[in-house]
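Printed here is work-v1.txt (compact mmCIF, C-alpha atoms and all ligand atoms):
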```txt
# COMPACT_ATOMS: atom_id res chain seq x y z
CA MET A 1 -23.15 0.36 4.66
CA VAL A 2 -20.81 -2.49 5.64
CA ASN A 3 -18.43 -2.24 8.59
CA PHE A 4 -15.39 -4.30 7.66
CA ALA A 5 -12.39 -4.46 10.00
CA GLY A 6 -13.41 -1.11 11.51
CA ILE A 7 -13.78 0.70 8.17
CA SER A 8 -17.19 1.60 6.74
CA PHE A 9 -17.82 0.68 3.11
CA LYS A 10 -20.87 2.17 1.38
CA ASN A 11 -21.71 -1.25 -0.06
CA PRO A 12 -20.01 -4.69 -0.27
CA VAL A 13 -18.75 -4.37 -3.87
CA THR A 14 -15.01 -3.80 -4.49
CA LEU A 15 -12.71 -4.03 -7.52
CA ALA A 16 -10.03 -6.76 -7.44
CA SER A 17 -6.33 -5.94 -7.48
CA GLY A 18 -4.64 -5.98 -10.88
CA THR A 19 -7.86 -5.85 -12.88
CA CYS A 20 -8.54 -2.12 -12.59
CA GLY A 21 -5.09 -0.49 -12.44
CA PHE A 22 -5.52 2.60 -10.27
CA GLY A 23 -9.03 3.26 -11.57
CA ARG A 24 -8.03 5.84 -14.22
CA GLU A 25 -9.21 3.97 -17.32
CA LEU A 26 -12.27 2.38 -15.68
CA SER A 27 -13.45 5.71 -14.27
CA GLU A 28 -14.17 6.81 -17.86
CA TYR A 29 -16.72 4.01 -18.24
CA SER A 30 -18.07 3.56 -14.74
CA ASP A 31 -18.86 5.79 -11.74
CA LEU A 32 -16.49 4.28 -9.20
CA SER A 33 -18.05 6.32 -6.37
CA GLU A 34 -20.92 3.82 -6.52
CA LEU A 35 -18.59 1.09 -5.25
CA GLY A 36 -17.56 0.13 -1.75
CA GLY A 37 -13.86 0.17 -2.59
CA ILE A 38 -11.08 -0.35 -5.08
CA CYS A 39 -7.90 -2.43 -4.63
CA THR A 40 -4.84 -1.02 -6.35
CA LYS A 41 -2.68 -2.94 -8.78
CA GLY A 42 -0.13 -4.96 -6.77
CA LEU A 43 2.56 -2.51 -5.59
CA THR A 44 6.20 -3.26 -4.81
CA LEU A 45 8.98 -1.24 -3.16
CA HIS A 46 10.68 -0.57 -6.50
CA PRO A 47 9.09 -0.16 -9.97
CA ARG A 48 8.66 -3.41 -11.93
CA ALA A 49 8.37 -3.87 -15.69
CA GLY A 50 6.55 -7.20 -15.33
CA ASN A 51 6.99 -10.41 -17.32
CA PRO A 52 7.65 -10.65 -21.06
CA ALA A 53 4.67 -11.05 -23.46
CA PRO A 54 2.50 -13.02 -24.08
CA ARG A 55 1.21 -12.40 -20.57
CA SER A 56 -2.35 -13.64 -20.95
CA ALA A 57 -4.17 -16.54 -22.58
CA GLU A 58 -7.82 -17.38 -23.08
CA THR A 59 -9.37 -20.35 -21.31
CA PRO A 60 -12.93 -21.69 -21.29
CA ALA A 61 -14.83 -19.44 -18.84
CA GLY A 62 -11.78 -17.53 -17.69
CA MET A 63 -8.26 -16.39 -18.45
CA LEU A 64 -4.65 -17.09 -17.55
CA ASN A 65 -2.32 -14.21 -16.73
CA SER A 66 1.31 -13.78 -15.81
CA VAL A 67 1.57 -9.99 -15.73
CA GLY A 68 4.34 -10.24 -13.13
CA LEU A 69 3.31 -7.34 -10.87
CA GLN A 70 4.07 -4.56 -13.34
CA ASN A 71 3.75 -1.33 -11.33
CA PRO A 72 5.40 2.09 -10.85
CA GLY A 73 6.67 1.34 -7.31
CA ILE A 74 5.23 2.58 -4.02
CA ASP A 75 6.84 6.07 -4.00
CA GLU A 76 5.57 6.88 -7.49
CA PHE A 77 2.13 5.45 -6.63
CA ILE A 78 1.92 7.77 -3.62
CA LYS A 79 3.05 10.75 -5.70
CA THR A 80 1.04 10.35 -8.89
CA GLU A 81 -1.72 7.73 -8.54
CA LEU A 82 -3.00 8.11 -4.98
CA PRO A 83 -4.02 11.79 -5.34
CA PHE A 84 -6.15 10.76 -8.34
CA MET A 85 -7.61 7.76 -6.49
CA ARG A 86 -8.64 10.05 -3.62
CA THR A 87 -10.96 11.88 -6.03
CA LEU A 88 -12.88 8.69 -6.83
CA GLY A 89 -15.11 8.81 -3.74
CA THR A 90 -14.55 5.20 -2.71
CA ARG A 91 -12.39 3.33 -0.20
CA ILE A 92 -8.80 2.73 -1.31
CA ILE A 93 -7.18 -0.60 -0.50
CA ALA A 94 -3.45 -0.75 -1.29
CA ASN A 95 -2.40 -4.20 -2.50
CA PHE A 96 1.32 -4.93 -2.24
CA SER A 97 3.89 -7.69 -2.19
CA ALA A 98 7.58 -8.10 -1.44
CA ALA A 99 10.44 -10.58 -1.67
CA SER A 100 11.26 -10.77 2.06
CA VAL A 101 9.60 -10.19 5.44
CA GLU A 102 11.69 -7.03 5.99
CA GLU A 103 10.64 -5.62 2.61
CA PHE A 104 6.96 -6.34 3.41
CA ALA A 105 7.33 -4.24 6.59
CA LEU A 106 9.01 -1.38 4.70
CA CYS A 107 6.22 -1.32 2.08
CA ALA A 108 3.54 -1.46 4.79
CA ALA A 109 5.04 1.51 6.66
CA LYS A 110 5.15 3.67 3.50
CA LEU A 111 1.61 2.77 2.45
CA ALA A 112 0.13 3.17 5.94
CA ASP A 113 1.64 6.68 6.11
CA SER A 114 0.18 7.59 2.71
CA GLY A 115 -3.43 7.73 3.93
CA VAL A 116 -4.90 4.68 2.15
CA ASP A 117 -7.88 3.13 3.97
CA MET A 118 -6.61 -0.45 4.20
CA LEU A 119 -3.65 -2.63 3.26
CA GLU A 120 -4.03 -5.87 1.29
CA VAL A 121 -1.00 -8.12 1.64
CA ASN A 122 -0.46 -10.32 -1.41
CA VAL A 123 1.39 -13.40 -0.15
CA SER A 124 1.19 -15.24 -3.51
CA CYS A 125 4.71 -14.12 -4.38
CA PRO A 126 8.09 -15.85 -4.06
CA ASN A 127 10.08 -15.67 -0.82
CA VAL A 128 13.70 -15.15 -1.90
CA LYS A 129 14.88 -16.66 1.38
CA ALA A 130 12.90 -19.91 0.85
CA GLU A 131 14.17 -20.79 -2.64
CA GLY A 132 11.40 -18.80 -4.27
CA LEU A 133 8.55 -20.75 -2.67
CA ALA A 134 5.46 -18.51 -2.37
CA PHE A 135 4.96 -17.06 1.15
CA GLY A 136 1.28 -17.97 0.91
CA THR A 137 1.93 -21.72 0.86
CA SER A 138 3.47 -21.84 4.36
CA PRO A 139 1.62 -20.98 7.61
CA ASP A 140 4.94 -19.93 9.20
CA ALA A 141 5.85 -17.60 6.35
CA VAL A 142 2.35 -16.06 6.34
CA ALA A 143 2.57 -15.59 10.12
CA ALA A 144 5.96 -13.85 9.83
CA VAL A 145 4.76 -11.53 7.05
CA THR A 146 1.50 -10.71 8.86
CA SER A 147 3.23 -9.84 12.17
CA ALA A 148 5.80 -7.66 10.43
CA VAL A 149 3.16 -5.82 8.38
CA LYS A 150 0.91 -5.32 11.41
CA SER A 151 3.70 -3.74 13.46
CA ALA A 152 4.57 -1.42 10.58
CA ALA A 153 0.99 -0.45 9.65
CA GLY A 154 0.01 1.53 12.75
CA ASN A 155 -3.77 2.04 12.83
CA VAL A 156 -4.37 1.06 9.21
CA PRO A 157 -6.25 -2.27 9.02
CA VAL A 158 -4.37 -5.18 7.43
CA MET A 159 -6.10 -7.68 5.16
CA VAL A 160 -4.09 -10.74 4.06
CA LYS A 161 -4.90 -12.06 0.57
CA LEU A 162 -4.65 -15.84 0.52
CA SER A 163 -3.44 -18.06 -2.29
CA PRO A 164 -5.71 -20.96 -3.31
CA ASN A 165 -2.66 -23.01 -4.37
CA VAL A 166 -2.47 -24.83 -1.03
CA THR A 167 -3.74 -28.09 0.43
CA ASP A 168 -5.48 -26.60 3.47
CA ILE A 169 -6.52 -22.94 3.20
CA THR A 170 -7.75 -22.91 6.82
CA ALA A 171 -4.25 -23.55 8.23
CA ILE A 172 -2.96 -20.48 6.37
CA ALA A 173 -6.01 -18.41 7.36
CA LYS A 174 -5.55 -19.27 11.05
CA ALA A 175 -1.84 -18.39 10.88
CA ALA A 176 -2.74 -14.94 9.50
CA GLU A 177 -5.46 -14.40 12.11
CA GLN A 178 -3.22 -15.44 15.01
CA SER A 179 -0.52 -13.06 13.79
CA GLY A 180 -2.87 -10.08 13.92
CA ALA A 181 -4.57 -9.87 10.50
CA ASP A 182 -7.71 -7.71 10.70
CA ALA A 183 -9.33 -9.37 7.67
CA LEU A 184 -8.68 -11.89 4.90
CA SER A 185 -9.34 -11.78 1.16
CA LEU A 186 -9.56 -14.88 -1.00
CA ILE A 187 -8.99 -16.25 -3.53
CA ASN A 188 -6.06 -15.17 -5.64
CA THR A 189 -5.60 -16.95 -8.98
CA LEU A 190 -5.11 -20.72 -9.40
CA LEU A 191 -1.85 -21.76 -11.01
CA GLY A 192 -2.34 -23.09 -14.55
CA MET A 193 -0.84 -23.32 -18.04
CA ARG A 194 -1.70 -23.83 -21.72
CA PHE A 195 0.34 -25.01 -24.71
CA ASP A 196 0.41 -23.86 -28.31
CA LEU A 197 -0.52 -26.90 -30.44
CA ARG A 198 1.76 -25.89 -33.34
CA SER A 199 4.94 -25.07 -31.43
CA GLY A 200 4.36 -27.42 -28.50
CA LYS A 201 5.51 -24.55 -26.25
CA PRO A 202 3.62 -22.88 -23.39
CA ILE A 203 1.46 -19.96 -24.62
CA LEU A 204 2.55 -17.70 -21.74
CA ALA A 205 6.15 -16.49 -22.02
CA ASN A 206 6.48 -17.17 -18.30
CA GLY A 207 5.31 -20.78 -18.77
CA THR A 208 2.67 -20.79 -16.05
CA GLY A 209 0.10 -18.20 -15.02
CA GLY A 210 -2.88 -17.54 -12.77
CA LEU A 211 -6.36 -18.76 -13.72
CA SER A 212 -9.22 -16.35 -12.95
CA GLY A 213 -12.80 -15.73 -14.04
CA ALA A 214 -16.04 -17.74 -13.93
CA ALA A 215 -14.16 -21.07 -14.04
CA ILE A 216 -12.84 -20.55 -10.49
CA PHE A 217 -16.11 -19.37 -8.86
CA PRO A 218 -17.03 -22.72 -7.21
CA VAL A 219 -13.47 -23.09 -5.88
CA ALA A 220 -13.63 -19.57 -4.41
CA LEU A 221 -17.02 -20.28 -2.77
CA ARG A 222 -15.68 -23.49 -1.25
CA MET A 223 -12.54 -21.84 0.12
CA VAL A 224 -14.43 -18.83 1.51
CA TYR A 225 -16.95 -21.15 3.19
CA GLN A 226 -14.19 -23.28 4.75
CA THR A 227 -12.29 -20.20 5.92
CA VAL A 228 -15.35 -18.43 7.39
CA ASN A 229 -15.84 -21.50 9.56
CA ALA A 230 -12.20 -21.50 10.71
CA VAL A 231 -11.59 -17.84 11.70
CA ARG A 232 -13.43 -14.92 13.34
CA ILE A 233 -12.05 -12.06 11.25
CA PRO A 234 -14.15 -10.83 8.28
CA ILE A 235 -13.57 -12.00 4.72
CA LEU A 236 -13.58 -10.34 1.31
CA GLY A 237 -14.63 -13.09 -1.12
CA LEU A 238 -13.59 -13.01 -4.75
CA GLY A 239 -12.91 -15.29 -7.68
CA GLY A 240 -15.12 -15.56 -10.74
CA ILE A 241 -17.91 -13.21 -9.65
CA ASN A 242 -19.80 -12.12 -12.79
CA SER A 243 -23.25 -11.01 -11.60
CA ALA A 244 -25.29 -9.78 -8.63
CA ASP A 245 -26.47 -13.35 -8.08
CA ASP A 246 -22.84 -14.53 -7.91
CA ALA A 247 -22.15 -11.75 -5.40
CA ARG A 248 -25.16 -12.80 -3.30
CA GLU A 249 -23.94 -16.41 -3.38
CA MET A 250 -20.53 -15.27 -2.14
CA LEU A 251 -22.21 -13.42 0.74
CA ILE A 252 -24.18 -16.60 1.56
CA ALA A 253 -20.86 -18.49 1.68
CA GLY A 254 -19.94 -16.06 4.47
CA ALA A 255 -18.00 -13.20 2.86
CA SER A 256 -18.70 -9.66 4.15
CA LEU A 257 -17.32 -7.86 1.07
CA ILE A 258 -16.99 -9.18 -2.48
CA GLY A 259 -14.45 -8.43 -5.21
CA VAL A 260 -14.98 -8.24 -8.98
CA GLY A 261 -11.96 -8.82 -11.22
CA THR A 262 -11.82 -10.60 -14.57
CA ALA A 263 -15.49 -9.79 -15.31
CA LEU A 264 -14.39 -6.14 -15.74
CA PHE A 265 -12.56 -7.06 -18.95
CA ARG A 266 -15.91 -8.00 -20.52
CA ASP A 267 -17.89 -5.09 -19.06
CA PRO A 268 -16.02 -2.22 -17.36
CA ASP A 269 -19.25 -1.20 -15.56
CA ILE A 270 -20.08 -4.72 -14.27
CA ALA A 271 -19.17 -3.90 -10.65
CA GLY A 272 -21.38 -0.78 -10.77
CA LYS A 273 -24.23 -2.87 -12.20
CA ILE A 274 -23.78 -5.46 -9.43
CA ALA A 275 -23.80 -2.72 -6.76
CA ARG A 276 -26.93 -1.10 -8.24
CA GLU A 277 -28.77 -4.42 -8.56
CA MET A 278 -27.92 -5.44 -5.00
CA LYS A 279 -29.04 -2.02 -3.72
CA ASP A 280 -32.35 -2.20 -5.61
CA SER A 281 -33.09 -5.65 -4.21
CA ARG A 282 -32.43 -4.39 -0.65
CA GLU A 283 -34.79 -1.40 -1.02
C1 LIG A 301 -4.65 -9.54 -15.04
C2 LIG A 301 -4.71 -9.82 -13.56
C3 LIG A 301 -3.79 -9.20 -12.70
C4 LIG A 301 -3.81 -9.46 -11.32
N1 LIG A 301 -2.92 -8.83 -10.49
C5 LIG A 301 -3.01 -9.03 -9.13
C6 LIG A 301 -2.13 -8.32 -8.25
O1 LIG A 301 -1.32 -7.49 -8.67
N2 LIG A 301 -2.22 -8.58 -6.91
C7 LIG A 301 -3.15 -9.49 -6.41
O2 LIG A 301 -3.20 -9.69 -5.19
N3 LIG A 301 -4.00 -10.15 -7.23
C8 LIG A 301 -3.96 -9.94 -8.56
N4 LIG A 301 -4.83 -10.59 -9.41
C9 LIG A 301 -5.83 -11.52 -8.83
C10 LIG A 301 -7.21 -10.86 -8.69
O3 LIG A 301 -7.17 -9.72 -7.83
C11 LIG A 301 -8.26 -11.87 -8.16
O4 LIG A 301 -7.86 -12.33 -6.88
C12 LIG A 301 -8.42 -13.08 -9.08
O5 LIG A 301 -8.31 -12.71 -10.43
C13 LIG A 301 -9.76 -13.80 -8.86
O6 LIG A 301 -10.86 -12.93 -9.10
P1 LIG A 301 -11.61 -12.82 -10.56
O7 LIG A 301 -11.88 -14.23 -11.00
O8 LIG A 301 -12.84 -12.03 -10.28
O9 LIG A 301 -10.66 -12.12 -11.47
C14 LIG A 301 -4.80 -10.36 -10.79
C15 LIG A 301 -5.73 -10.97 -11.66
C16 LIG A 301 -5.69 -10.70 -13.03
C17 LIG A 301 -6.71 -11.37 -13.93
```
Transcribe the structure of this file into structure tokens.
Amino acid sequence: MVNFAGISFKNPVTLASGTCGFGRELSEYSDLSELGGICTKGLTLHPRAGNPAPRSAETPAGMLNSVGLQNPGIDEFIKTELPFMRTLGTRIIANFSAASVEEFALCAAKLADSGVDMLEVNVSCPNVKAEGLAFGTSPDAVAAVTSAVKSAAGNVPVMVKLSPNVTDITAIAKAAEQSGADALSLINTLLGMRFDLRSGKPILANGTGGLSGAAIFPVALRMVYQTVNAVRIPILGLGGINSADDAREMLIAGASLIGVGTALFRDPDIAGKIAREMKDSRE
């Protein structure tokens, strides 16, 4: 049992946002009740179709994606996906993003009312009022989003998911903590791109995308370690975790919970295996 921001998780293993949908497909291959929690696909106020294809590309020891937050919208999530997720027997963390501070607050209020266990605020998305610069790159913008979400979320704990595409992650982490965040999760994907040798054009239709998977594990460990030493709130560490040993290393870096994402594409039961192996080694 792990107490994280006032919520009890049966173990430290969670599924990362955007890599498990709402658990429907994965639940056919893995018993999700064995996990501490599951983060939903990134939700937005209105439904989104996402970016044009190709939306993913292979990389050595990882992948690039530019899915573009494809999702059914918060109202539809609450109506059709959440009732299913409640049957999974694990904690539900609602990941969401928005284009303005006001929209973040609106999303937070709807999700907090829906009965999810925790909110995860994805600040790696463009702020329409700052010429599209990602909220997560500015301490002031992260502070404004965090305060607005906290006031709208009532008693539901708020975890802010940090972007690694910054010079000093601790400045952003402190801004979130000072504005009332109950927890932090890190890291989101690292911005990258690849080109097609024949056409000379980017492989992803969107041009750039987010790098995830084993390649980013050392970066994630470094950022979690730095952040743990800069704030007092608990941290969910993720980025490139592929095995129980990786998960243990992330806990040594100082994380209290860990997230498994890209590794699920290789083995849909990998998070279950990690949870079982960690449990066996504790007994
Ligand atoms: C296909 C894909 C979709 C993702 N979608 C989201 C998302 O909607 N919201 C979010 O906060 N993070 C999203 N992420 C980032 C992951 O949750 C995670 O932070 C990142 O991939 C690093 O972990 P990993 O290396 O274990 O995948 C996505 C990652 C991938 C690969």
_List as an MDAnalysis selection string the protein and nucleic acid residues near Cys39 of chain A, meaning an atom at most 10 Å away when all atoms listed in the file are counted, but skip any in the same chain fewer than 2 places from it._
chainID A and resid 14:23 37 41:42 91:96 118:120 259
*Write out as a list in words which residues come within 7 Å of segment 185-193 of chain A when counting only C-alpha atoms, dropping same-chain ones fewer than 5 positions away.*
Met159, Val160, Lys161, Leu162, Ser163, Pro164, Asn165, Pro202, Gly207, Thr208, Gly209, Gly210, Leu211, Ser212, Ala220, Val224, Ile235, Leu236, Gly237, Leu238 and Gly239 of chain A
Any chance you could export the current selection's C-alpha atoms as a PDB file, in the frame of the given file?
```pdb
ATOM      1  CA  MET A 159      -6.100  -7.680   5.160  1.00  0.00           C
ATOM      2  CA  VAL A 160      -4.090 -10.740   4.060  1.00  0.00           C
ATOM      3  CA  LYS A 161      -4.900 -12.060   0.570  1.00  0.00           C
ATOM      4  CA  LEU A 162      -4.650 -15.840   0.520  1.00  0.00           C
ATOM      5  CA  SER A 163      -3.440 -18.060  -2.290  1.00  0.00           C
ATOM      6  CA  PRO A 164      -5.710 -20.960  -3.310  1.00  0.00           C
ATOM      7  CA  ASN A 165      -2.660 -23.010  -4.370  1.00  0.00           C
ATOM      8  CA  PRO A 202       3.620 -22.880 -23.390  1.00  0.00           C
ATOM      9  CA  GLY A 207       5.310 -20.780 -18.770  1.00  0.00           C
ATOM     10  CA  THR A 208       2.670 -20.790 -16.050  1.00  0.00           C
ATOM     11  CA  GLY A 209       0.100 -18.200 -15.020  1.00  0.00           C
ATOM     12  CA  GLY A 210      -2.880 -17.540 -12.770  1.00  0.00           C
ATOM     13  CA  LEU A 211      -6.360 -18.760 -13.720  1.00  0.00           C
ATOM     14  CA  SER A 212      -9.220 -16.350 -12.950  1.00  0.00           C
ATOM     15  CA  ALA A 220     -13.630 -19.570  -4.410  1.00  0.00           C
ATOM     16  CA  VAL A 224     -14.430 -18.830   1.510  1.00  0.00           C
ATOM     17  CA  ILE A 235     -13.570 -12.000   4.720  1.00  0.00           C
ATOM     18  CA  LEU A 236     -13.580 -10.340   1.310  1.00  0.00           C
ATOM     19  CA  GLY A 237     -14.630 -13.090  -1.120  1.00  0.00           C
ATOM     20  CA  LEU A 238     -13.590 -13.010  -4.750  1.00  0.00           C
ATOM     21  CA  GLY A 239     -12.910 -15.290  -7.680  1.00  0.00           C
TER      22      GLY A 239
END
```
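The nearest approach to ligand LIG 301 (chain A) among the residues A:Ala143, A:Ala214, A:Val149, A:Ile233, with all atoms listed in the file taken into account, belongs to A:Ala214.
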*Do you know which residues are at most 10 Å from segment 3-6 of chain A counting all atoms listed in the file, after dropping those on the same chain fewer than 2 positions away, and could you put them as a list in words?*
Met1, Ser8, Phe9, Lys10, Asn11, Pro12, Met118, Val156, Pro157, Val158, Met159, Ala181, Asp182, Ala183, Leu184, Ile233, Pro234, Ile235, Leu236, Ser256 and Leu257 of chain A
_Between atom CA of Thr137 of chain A and atom O2 of ligand LIG 301 (chain A) - distance in Å to one decimal_ = 14.4 Å
